[in-house]
Amino acid sequence: MEPFNLKDAKIAVVGLGYVGLPLAIEFAKKYPVIGFDINPLRIEALKRGEDITKEANLDDLSATTNANSAGKGLSFTNQIEGIANCNIYIITVPTPVDQFKSPDLRQLLYASELIGKILKKNDLVIYESTVYPGCTEEDCVPVLEKYSGLQFNTDFFCGYSPERINPGDKVKTLTKIIKVTSGSTPQIADFVNELYNSIIEAGTYQAPSIKVAEASKAIENAQRDINISFVNELALIFDLIGIDTNDVLEAAGTKWNFLKYKPGLVGGHCIGVDPYYLAHKAESLGYHPEVILSGRRVNSNMGIFVANKVIKMMIKKGIQVEGSNALILGITFKENCPDTRNSQVIDIYHELLDFGLTVAIFDPHANKQEVKSLFGIDLLTNIAEVKTKKSAPYQCIILAVAHNEFLQLNMKELSTEKHVIFDTKAVLKRDLVDGRL
């Protein structure tokens, strides 16, 4: 691809999850695009026009997959040879943390290995996966060089443009969010910026280096994590005092420069993960981050706090804890979204089980098979099953996720005469609940 020109772009998007699929669809409106994923079931579903993540506009998906005859459009494959003729590879695979909260780069490095095996002279590899500053050039590039036999910034080039997908948000979609871009040389940086600027309506911001772009993504979510941890800690303090956190926030919010963050369960692939990537990099350089990790500790314990608070409320009401039936409404990490990654609802579930309760979970947005595979939990199928379940009615109901469907439920109809209803999102009428975050 020399000289670098948009008209010559043949794009492969590697990883077709919450980030990769919407990106592939948007690029396919202007360029020939092949979506690659190692999961054959995912590929077959996309070929049928089905998207389990619910992030894709299905009309756009259908339109782009039927447009290849015009020299642009989208096709799918799980065979690495199927993308060998592309010259731009955009890697959007997950970058989670392991059980020790350390960066897990296995999927990222495996994707780099696959691309390295088909990399050609003058190809461009752009990473979107969230990483720590330096990861692209220090961890990924050596893998590309090893498997391609090519030399970085001589034979092939790299870019980094951190993903900014907000799962479940149908307003601030991919093209409506400013995109940070960067490249491994000034010429590549300009080209990567031009490439993304051709599809991003909100515009782009060209960072001065790949490391700066990587760091910008890491601190976006670390900042939000810290802000939420502050109000979560306030919720813990105000619970001891005996006042409602939301009342305090409303009062404080009357000052023009007060930031009205809400307490709650912090999950998802970004906010609950990215701070650990930043902390990992800092610690590798000999600095132990205090603020970032303290915020993580507070947020990581909120699910357990909710469960213990509910148990105390049950005891105070004279409800027999062991053997009681509990209903948790929602298991995804946010409202009106099927994404269950790093959901803290699981902590509530296991804590209640430890206290001897029988716990059922209902979530109309989550994929039952995925939840069973990831967590070993059988979700209730529908609201009719919630109401007719042998264990119903419930002595304890926890609204964990504010799905629209839950706001219409008659909680009293689902509960026993003596019950505890806890609202983690502070969205239900106050006179209907016994407690809330």
# chains A, B, ... in the order shown; residues from 1 in each chain; ligands from 1

call {"tool": "select_by_dssp", "arguments": {"residues": "stretch 40-264 of chain A", "states": "strand (DSSP E)", "output": "number ranges by chain"}}
result
A: 73-77, 88-91, 124-127, 157-160, 179-181, 204-206

call {"tool": "residues_around", "arguments": {"residues": "stretch 106-109 of chain A", "least_positions_apart": "5", "cutoff": "10 Å", "atoms": "only C-alpha atoms", "output": "PyMOL selection string"}}
result
chain A and resi 15+91-96+114-115+127+129-131+136+139-144

call {"tool": "write_last_selection", "arguments": {"atoms": "N, CA and C atoms", "output": "PDB file, in the first residue's frame"}}
result
ATOM      1  N   GLY A  15     -11.883  -9.831  14.787  1.00  0.00           N
ATOM      2  CA  GLY A  15     -12.641  -9.838  16.033  1.00  0.00           C
ATOM      3  C   GLY A  15     -13.964  -9.132  15.813  1.00  0.00           C
ATOM      4  N   ILE A  91      -7.425  -4.742  14.416  1.00  0.00           N
ATOM      5  CA  ILE A  91      -7.582  -5.774  15.447  1.00  0.00           C
ATOM      6  C   ILE A  91      -8.422  -5.240  16.605  1.00  0.00           C
ATOM      7  N   THR A  92      -9.550  -5.931  16.866  1.00  0.00           N
ATOM      8  CA  THR A  92     -10.499  -5.461  17.883  1.00  0.00           C
ATOM      9  C   THR A  92     -10.861  -6.575  18.863  1.00  0.00           C
ATOM     10  N   VAL A  93      -9.901  -7.417  19.207  1.00  0.00           N
ATOM     11  CA  VAL A  93     -10.179  -8.540  20.101  1.00  0.00           C
ATOM     12  C   VAL A  93     -10.200  -8.077  21.558  1.00  0.00           C
ATOM     13  N   PRO A  94     -10.842  -8.840  22.453  1.00  0.00           N
ATOM     14  CA  PRO A  94     -10.912  -8.460  23.870  1.00  0.00           C
ATOM     15  C   PRO A  94      -9.541  -8.497  24.551  1.00  0.00           C
ATOM     16  N   THR A  95      -9.366  -7.608  25.511  1.00  0.00           N
ATOM     17  CA  THR A  95      -8.167  -7.607  26.358  1.00  0.00           C
ATOM     18  C   THR A  95      -8.618  -7.569  27.820  1.00  0.00           C
ATOM     19  N   PRO A  96      -8.956  -8.716  28.388  1.00  0.00           N
ATOM     20  CA  PRO A  96      -9.439  -8.781  29.770  1.00  0.00           C
ATOM     21  C   PRO A  96      -8.291  -8.796  30.774  1.00  0.00           C
ATOM     22  N   LEU A 114      -1.603 -14.465  14.027  1.00  0.00           N
ATOM     23  CA  LEU A 114      -2.352 -14.825  12.820  1.00  0.00           C
ATOM     24  C   LEU A 114      -2.101 -13.819  11.696  1.00  0.00           C
ATOM     25  N   ILE A 115      -2.152 -12.538  12.042  1.00  0.00           N
ATOM     26  CA  ILE A 115      -1.939 -11.501  11.029  1.00  0.00           C
ATOM     27  C   ILE A 115      -0.488 -11.530  10.552  1.00  0.00           C
ATOM     28  N   TYR A 127      -4.467  -1.319  15.783  1.00  0.00           N
ATOM     29  CA  TYR A 127      -5.033  -1.935  16.984  1.00  0.00           C
ATOM     30  C   TYR A 127      -6.076  -1.013  17.607  1.00  0.00           C
ATOM     31  N   SER A 129      -7.933  -2.582  20.433  1.00  0.00           N
ATOM     32  CA  SER A 129      -8.093  -3.189  21.754  1.00  0.00           C
ATOM     33  C   SER A 129      -7.442  -2.323  22.824  1.00  0.00           C
ATOM     34  N   THR A 130      -8.099  -2.228  23.969  1.00  0.00           N
ATOM     35  CA  THR A 130      -7.565  -1.430  25.070  1.00  0.00           C
ATOM     36  C   THR A 130      -6.320  -2.099  25.658  1.00  0.00           C
ATOM     37  N   VAL A 131      -5.245  -1.329  25.764  1.00  0.00           N
ATOM     38  CA  VAL A 131      -3.980  -1.844  26.288  1.00  0.00           C
ATOM     39  C   VAL A 131      -3.321  -0.783  27.162  1.00  0.00           C
ATOM     40  N   THR A 136       1.405  -1.815  22.100  1.00  0.00           N
ATOM     41  CA  THR A 136       1.403  -2.037  20.650  1.00  0.00           C
ATOM     42  C   THR A 136       2.818  -2.236  20.124  1.00  0.00           C
ATOM     43  N   ASP A 139       4.887  -5.144  22.646  1.00  0.00           N
ATOM     44  CA  ASP A 139       4.390  -6.516  22.755  1.00  0.00           C
ATOM     45  C   ASP A 139       3.861  -7.056  21.427  1.00  0.00           C
ATOM     46  N   CYS A 140       3.108  -6.250  20.714  1.00  0.00           N
ATOM     47  CA  CYS A 140       2.458  -6.736  19.492  1.00  0.00           C
ATOM     48  C   CYS A 140       3.390  -6.711  18.281  1.00  0.00           C
ATOM     49  N   VAL A 141       4.124  -5.616  18.120  1.00  0.00           N
ATOM     50  CA  VAL A 141       5.005  -5.490  16.950  1.00  0.00           C
ATOM     51  C   VAL A 141       6.028  -6.629  16.864  1.00  0.00           C
ATOM     52  N   PRO A 142       6.686  -7.015  17.963  1.00  0.00           N
ATOM     53  CA  PRO A 142       7.631  -8.146  17.864  1.00  0.00           C
ATOM     54  C   PRO A 142       6.977  -9.433  17.368  1.00  0.00           C
ATOM     55  N   VAL A 143       5.713  -9.655  17.718  1.00  0.00           N
ATOM     56  CA  VAL A 143       5.000 -10.838  17.244  1.00  0.00           C
ATOM     57  C   VAL A 143       4.767 -10.726  15.741  1.00  0.00           C
ATOM     58  N   LEU A 144       4.360  -9.550  15.283  1.00  0.00           N
ATOM     59  CA  LEU A 144       4.156  -9.332  13.851  1.00  0.00           C
ATOM     60  C   LEU A 144       5.465  -9.554  13.082  1.00  0.00           C
TER      61      LEU A 144
END

call {"tool": "select_by_dssp", "arguments": {"residues": "stretch 56-149 of chain A", "states": "alpha helix (DSSP H)", "output": "ChimeraX atom specification"}}
result
/A:58-65,106-116,135,141-148

call {"tool": "write_last_selection", "arguments": {"atoms": "N, CA and C atoms", "output": "PDB file, in the first residue's frame"}}
result
ATOM      1  N   LEU A  58     -29.211  -3.871  12.189  1.00  0.00           N
ATOM      2  CA  LEU A  58     -29.424  -5.027  11.315  1.00  0.00           C
ATOM      3  C   LEU A  58     -29.737  -4.627   9.874  1.00  0.00           C
ATOM      4  N   ASP A  59     -30.345  -3.458   9.701  1.00  0.00           N
ATOM      5  CA  ASP A  59     -30.589  -2.973   8.335  1.00  0.00           C
ATOM      6  C   ASP A  59     -29.258  -2.652   7.658  1.00  0.00           C
ATOM      7  N   ASP A  60     -28.366  -2.005   8.411  1.00  0.00           N
ATOM      8  CA  ASP A  60     -27.042  -1.701   7.863  1.00  0.00           C
ATOM      9  C   ASP A  60     -26.258  -2.979   7.606  1.00  0.00           C
ATOM     10  N   LEU A  61     -26.380  -3.948   8.509  1.00  0.00           N
ATOM     11  CA  LEU A  61     -25.692  -5.224   8.340  1.00  0.00           C
ATOM     12  C   LEU A  61     -26.149  -5.900   7.056  1.00  0.00           C
ATOM     13  N   SER A  62     -27.450  -5.922   6.839  1.00  0.00           N
ATOM     14  CA  SER A  62     -27.994  -6.534   5.630  1.00  0.00           C
ATOM     15  C   SER A  62     -27.566  -5.780   4.382  1.00  0.00           C
ATOM     16  N   ALA A  63     -27.622  -4.445   4.456  1.00  0.00           N
ATOM     17  CA  ALA A  63     -27.285  -3.622   3.286  1.00  0.00           C
ATOM     18  C   ALA A  63     -25.823  -3.782   2.892  1.00  0.00           C
ATOM     19  N   THR A  64     -24.924  -3.783   3.875  1.00  0.00           N
ATOM     20  CA  THR A  64     -23.497  -3.850   3.555  1.00  0.00           C
ATOM     21  C   THR A  64     -23.086  -5.238   3.090  1.00  0.00           C
ATOM     22  N   THR A  65     -23.728  -6.280   3.606  1.00  0.00           N
ATOM     23  CA  THR A  65     -23.359  -7.630   3.190  1.00  0.00           C
ATOM     24  C   THR A  65     -23.899  -7.964   1.802  1.00  0.00           C
ATOM     25  N   ARG A 106      -3.498 -12.700  25.804  1.00  0.00           N
ATOM     26  CA  ARG A 106      -3.430 -13.892  24.972  1.00  0.00           C
ATOM     27  C   ARG A 106      -4.185 -13.739  23.653  1.00  0.00           C
ATOM     28  N   GLN A 107      -5.390 -13.202  23.700  1.00  0.00           N
ATOM     29  CA  GLN A 107      -6.161 -13.049  22.464  1.00  0.00           C
ATOM     30  C   GLN A 107      -5.520 -12.010  21.537  1.00  0.00           C
ATOM     31  N   LEU A 108      -4.989 -10.955  22.126  1.00  0.00           N
ATOM     32  CA  LEU A 108      -4.344  -9.903  21.334  1.00  0.00           C
ATOM     33  C   LEU A 108      -3.088 -10.435  20.644  1.00  0.00           C
ATOM     34  N   LEU A 109      -2.277 -11.177  21.373  1.00  0.00           N
ATOM     35  CA  LEU A 109      -1.040 -11.704  20.798  1.00  0.00           C
ATOM     36  C   LEU A 109      -1.321 -12.818  19.795  1.00  0.00           C
ATOM     37  N   TYR A 110      -2.376 -13.587  20.035  1.00  0.00           N
ATOM     38  CA  TYR A 110      -2.745 -14.630  19.070  1.00  0.00           C
ATOM     39  C   TYR A 110      -3.233 -13.991  17.767  1.00  0.00           C
ATOM     40  N   ALA A 111      -4.008 -12.934  17.880  1.00  0.00           N
ATOM     41  CA  ALA A 111      -4.460 -12.214  16.680  1.00  0.00           C
ATOM     42  C   ALA A 111      -3.264 -11.642  15.929  1.00  0.00           C
ATOM     43  N   SER A 112      -2.291 -11.125  16.673  1.00  0.00           N
ATOM     44  CA  SER A 112      -1.078 -10.582  16.050  1.00  0.00           C
ATOM     45  C   SER A 112      -0.305 -11.687  15.330  1.00  0.00           C
ATOM     46  N   GLU A 113      -0.266 -12.873  15.943  1.00  0.00           N
ATOM     47  CA  GLU A 113       0.413 -14.012  15.310  1.00  0.00           C
ATOM     48  C   GLU A 113      -0.274 -14.390  14.000  1.00  0.00           C
ATOM     49  N   LEU A 114      -1.603 -14.465  14.027  1.00  0.00           N
ATOM     50  CA  LEU A 114      -2.352 -14.825  12.820  1.00  0.00           C
ATOM     51  C   LEU A 114      -2.101 -13.819  11.696  1.00  0.00           C
ATOM     52  N   ILE A 115      -2.152 -12.538  12.042  1.00  0.00           N
ATOM     53  CA  ILE A 115      -1.939 -11.501  11.029  1.00  0.00           C
ATOM     54  C   ILE A 115      -0.488 -11.530  10.552  1.00  0.00           C
ATOM     55  N   GLY A 116       0.445 -11.784  11.465  1.00  0.00           N
ATOM     56  CA  GLY A 116       1.851 -11.854  11.086  1.00  0.00           C
ATOM     57  C   GLY A 116       2.111 -12.901  10.015  1.00  0.00           C
ATOM     58  N   CYS A 135       2.156  -1.055  24.754  1.00  0.00           N
ATOM     59  CA  CYS A 135       1.851  -2.450  24.415  1.00  0.00           C
ATOM     60  C   CYS A 135       1.937  -2.717  22.912  1.00  0.00           C
ATOM     61  N   VAL A 141       4.124  -5.616  18.120  1.00  0.00           N
ATOM     62  CA  VAL A 141       5.005  -5.490  16.950  1.00  0.00           C
ATOM     63  C   VAL A 141       6.028  -6.629  16.864  1.00  0.00           C
ATOM     64  N   PRO A 142       6.686  -7.015  17.963  1.00  0.00           N
ATOM     65  CA  PRO A 142       7.631  -8.146  17.864  1.00  0.00           C
ATOM     66  C   PRO A 142       6.977  -9.433  17.368  1.00  0.00           C
ATOM     67  N   VAL A 143       5.713  -9.655  17.718  1.00  0.00           N
ATOM     68  CA  VAL A 143       5.000 -10.838  17.244  1.00  0.00           C
ATOM     69  C   VAL A 143       4.767 -10.726  15.741  1.00  0.00           C
ATOM     70  N   LEU A 144       4.360  -9.550  15.283  1.00  0.00           N
ATOM     71  CA  LEU A 144       4.156  -9.332  13.851  1.00  0.00           C
ATOM     72  C   LEU A 144       5.465  -9.554  13.082  1.00  0.00           C
ATOM     73  N   GLU A 145       6.563  -9.037  13.628  1.00  0.00           N
ATOM     74  CA  GLU A 145       7.863  -9.202  12.966  1.00  0.00           C
ATOM     75  C   GLU A 145       8.286 -10.674  12.931  1.00  0.00           C
ATOM     76  N   LYS A 146       8.089 -11.358  14.045  1.00  0.00           N
ATOM     77  CA  LYS A 146       8.518 -12.759  14.156  1.00  0.00           C
ATOM     78  C   LYS A 146       7.831 -13.636  13.106  1.00  0.00           C
ATOM     79  N   TYR A 147       6.515 -13.485  12.985  1.00  0.00           N
ATOM     80  CA  TYR A 147       5.771 -14.401  12.115  1.00  0.00           C
ATOM     81  C   TYR A 147       5.712 -13.947  10.657  1.00  0.00           C
ATOM     82  N   SER A 148       6.025 -12.683  10.415  1.00  0.00           N
ATOM     83  CA  SER A 148       6.011 -12.202   9.028  1.00  0.00           C
ATOM     84  C   SER A 148       7.398 -12.198   8.397  1.00  0.00           C
TER      85      SER A 148
END

call {"tool": "residues_around", "arguments": {"residues": "stretch 361-364 of chain A", "least_positions_apart": "2", "cutoff": "9 Å", "atoms": "only C-alpha atoms", "output": "list in words"}}
result
Ala326, Leu327, Ile328, Leu329, Gly330, Ile331, Thr332, Asn336, Pro338, Tyr349, Val359, Ala366, Asn367, Lys368, Ile377, Asp378, Leu379, Leu380, Thr381, Asn382, Ile383, Val386, Val401, His403 and Glu405 of chain A

call {"tool": "write_last_selection", "arguments": {"atoms": "N, CA and C atoms", "output": "PDB file, in the first residue's frame"}}
result
ATOM      1  N   ALA A 326     -34.924 -15.584  46.954  1.00  0.00           N
ATOM      2  CA  ALA A 326     -34.508 -14.262  46.490  1.00  0.00           C
ATOM      3  C   ALA A 326     -34.619 -14.193  44.973  1.00  0.00           C
ATOM      4  N   LEU A 327     -35.030 -13.042  44.479  1.00  0.00           N
ATOM      5  CA  LEU A 327     -35.100 -12.789  43.042  1.00  0.00           C
ATOM      6  C   LEU A 327     -34.194 -11.612  42.712  1.00  0.00           C
ATOM      7  N   ILE A 328     -33.246 -11.832  41.814  1.00  0.00           N
ATOM      8  CA  ILE A 328     -32.390 -10.749  41.331  1.00  0.00           C
ATOM      9  C   ILE A 328     -32.857 -10.380  39.938  1.00  0.00           C
ATOM     10  N   LEU A 329     -33.151  -9.123  39.736  1.00  0.00           N
ATOM     11  CA  LEU A 329     -33.602  -8.635  38.442  1.00  0.00           C
ATOM     12  C   LEU A 329     -32.428  -8.020  37.695  1.00  0.00           C
ATOM     13  N   GLY A 330     -31.923  -8.760  36.711  1.00  0.00           N
ATOM     14  CA  GLY A 330     -30.818  -8.274  35.889  1.00  0.00           C
ATOM     15  C   GLY A 330     -29.503  -8.945  36.218  1.00  0.00           C
ATOM     16  N   ILE A 331     -28.739  -9.287  35.171  1.00  0.00           N
ATOM     17  CA  ILE A 331     -27.402  -9.845  35.371  1.00  0.00           C
ATOM     18  C   ILE A 331     -26.387  -9.170  34.453  1.00  0.00           C
ATOM     19  N   THR A 332     -26.839  -8.410  33.466  1.00  0.00           N
ATOM     20  CA  THR A 332     -25.908  -7.705  32.586  1.00  0.00           C
ATOM     21  C   THR A 332     -25.259  -6.559  33.355  1.00  0.00           C
ATOM     22  N   ASN A 336     -30.587  -2.383  29.571  1.00  0.00           N
ATOM     23  CA  ASN A 336     -31.013  -2.518  28.170  1.00  0.00           C
ATOM     24  C   ASN A 336     -29.875  -2.947  27.249  1.00  0.00           C
ATOM     25  N   PRO A 338     -27.186  -6.610  26.422  1.00  0.00           N
ATOM     26  CA  PRO A 338     -26.978  -8.033  26.729  1.00  0.00           C
ATOM     27  C   PRO A 338     -25.603  -8.363  27.277  1.00  0.00           C
ATOM     28  N   TYR A 349     -25.203 -12.537  43.821  1.00  0.00           N
ATOM     29  CA  TYR A 349     -25.754 -13.899  43.709  1.00  0.00           C
ATOM     30  C   TYR A 349     -25.022 -14.868  44.636  1.00  0.00           C
ATOM     31  N   VAL A 359     -31.702 -18.591  45.179  1.00  0.00           N
ATOM     32  CA  VAL A 359     -31.624 -17.356  44.385  1.00  0.00           C
ATOM     33  C   VAL A 359     -31.975 -17.635  42.926  1.00  0.00           C
ATOM     34  N   ALA A 366     -30.139 -10.714  28.636  1.00  0.00           N
ATOM     35  CA  ALA A 366     -28.968 -11.593  28.647  1.00  0.00           C
ATOM     36  C   ALA A 366     -29.237 -12.871  27.853  1.00  0.00           C
ATOM     37  N   ASN A 367     -28.176 -13.425  27.273  1.00  0.00           N
ATOM     38  CA  ASN A 367     -28.266 -14.684  26.547  1.00  0.00           C
ATOM     39  C   ASN A 367     -28.165 -15.840  27.537  1.00  0.00           C
ATOM     40  N   LYS A 368     -29.198 -16.667  27.585  1.00  0.00           N
ATOM     41  CA  LYS A 368     -29.253 -17.743  28.584  1.00  0.00           C
ATOM     42  C   LYS A 368     -28.088 -18.719  28.445  1.00  0.00           C
ATOM     43  N   ILE A 377     -25.192 -20.510  35.695  1.00  0.00           N
ATOM     44  CA  ILE A 377     -26.488 -20.090  36.230  1.00  0.00           C
ATOM     45  C   ILE A 377     -27.569 -20.277  35.166  1.00  0.00           C
ATOM     46  N   ASP A 378     -28.685 -20.874  35.565  1.00  0.00           N
ATOM     47  CA  ASP A 378     -29.842 -21.010  34.680  1.00  0.00           C
ATOM     48  C   ASP A 378     -30.784 -19.830  34.924  1.00  0.00           C
ATOM     49  N   LEU A 379     -30.833 -18.934  33.975  1.00  0.00           N
ATOM     50  CA  LEU A 379     -31.721 -17.783  34.098  1.00  0.00           C
ATOM     51  C   LEU A 379     -33.175 -18.206  33.948  1.00  0.00           C
ATOM     52  N   LEU A 380     -34.075 -17.491  34.626  1.00  0.00           N
ATOM     53  CA  LEU A 380     -35.493 -17.667  34.365  1.00  0.00           C
ATOM     54  C   LEU A 380     -35.771 -17.187  32.947  1.00  0.00           C
ATOM     55  N   THR A 381     -36.676 -17.869  32.270  1.00  0.00           N
ATOM     56  CA  THR A 381     -36.879 -17.617  30.845  1.00  0.00           C
ATOM     57  C   THR A 381     -37.677 -16.354  30.571  1.00  0.00           C
ATOM     58  N   ASN A 382     -38.746 -16.140  31.309  1.00  0.00           N
ATOM     59  CA  ASN A 382     -39.624 -14.993  31.060  1.00  0.00           C
ATOM     60  C   ASN A 382     -40.343 -14.599  32.336  1.00  0.00           C
ATOM     61  N   ILE A 383     -41.101 -13.540  32.255  1.00  0.00           N
ATOM     62  CA  ILE A 383     -41.763 -13.032  33.461  1.00  0.00           C
ATOM     63  C   ILE A 383     -42.817 -14.016  33.964  1.00  0.00           C
ATOM     64  N   VAL A 386     -41.057 -16.259  36.161  1.00  0.00           N
ATOM     65  CA  VAL A 386     -40.747 -15.563  37.409  1.00  0.00           C
ATOM     66  C   VAL A 386     -41.924 -15.666  38.369  1.00  0.00           C
ATOM     67  N   VAL A 401     -30.246  -4.283  37.816  1.00  0.00           N
ATOM     68  CA  VAL A 401     -30.036  -3.602  36.538  1.00  0.00           C
ATOM     69  C   VAL A 401     -31.345  -2.922  36.136  1.00  0.00           C
ATOM     70  N   HIS A 403     -33.213  -2.389  33.597  1.00  0.00           N
ATOM     71  CA  HIS A 403     -33.822  -2.646  32.298  1.00  0.00           C
ATOM     72  C   HIS A 403     -35.219  -2.010  32.262  1.00  0.00           C
ATOM     73  N   GLU A 405     -37.922  -3.097  31.138  1.00  0.00           N
ATOM     74  CA  GLU A 405     -38.975  -4.056  31.484  1.00  0.00           C
ATOM     75  C   GLU A 405     -39.222  -4.118  32.988  1.00  0.00           C
TER      76      GLU A 405
END

call {"tool": "closest_residue", "arguments": {"among": "A:Asn246, A:Leu259, A:Phe76, A:Val19", "to": "A:Pro162", "atoms": "only C-alpha atoms"}}
result
A:Val19

call {"tool": "closest_residue", "arguments": {"among": "A:Lys317, A:Lys179, A:Arg296, A:Lys117", "to": "A:Asn221", "atoms": "only C-alpha atoms"}}
result
A:Arg296

call {"tool": "residues_around", "arguments": {"residues": "stretch 85-88 of chain A", "least_positions_apart": "2", "cutoff": "10 Å", "atoms": "only C-alpha atoms", "output": "MDAnalysis selection string"}}
result
chainID A and resid 1 8:13 32:34 81:83 90:91 118:126 156:158 192

call {"tool": "closest_residue", "arguments": {"among": "A:Leu409, A:Leu352, A:Val310, A:Val97", "to": "A:Pro275", "atoms": "only C-alpha atoms"}}
result
A:Val97
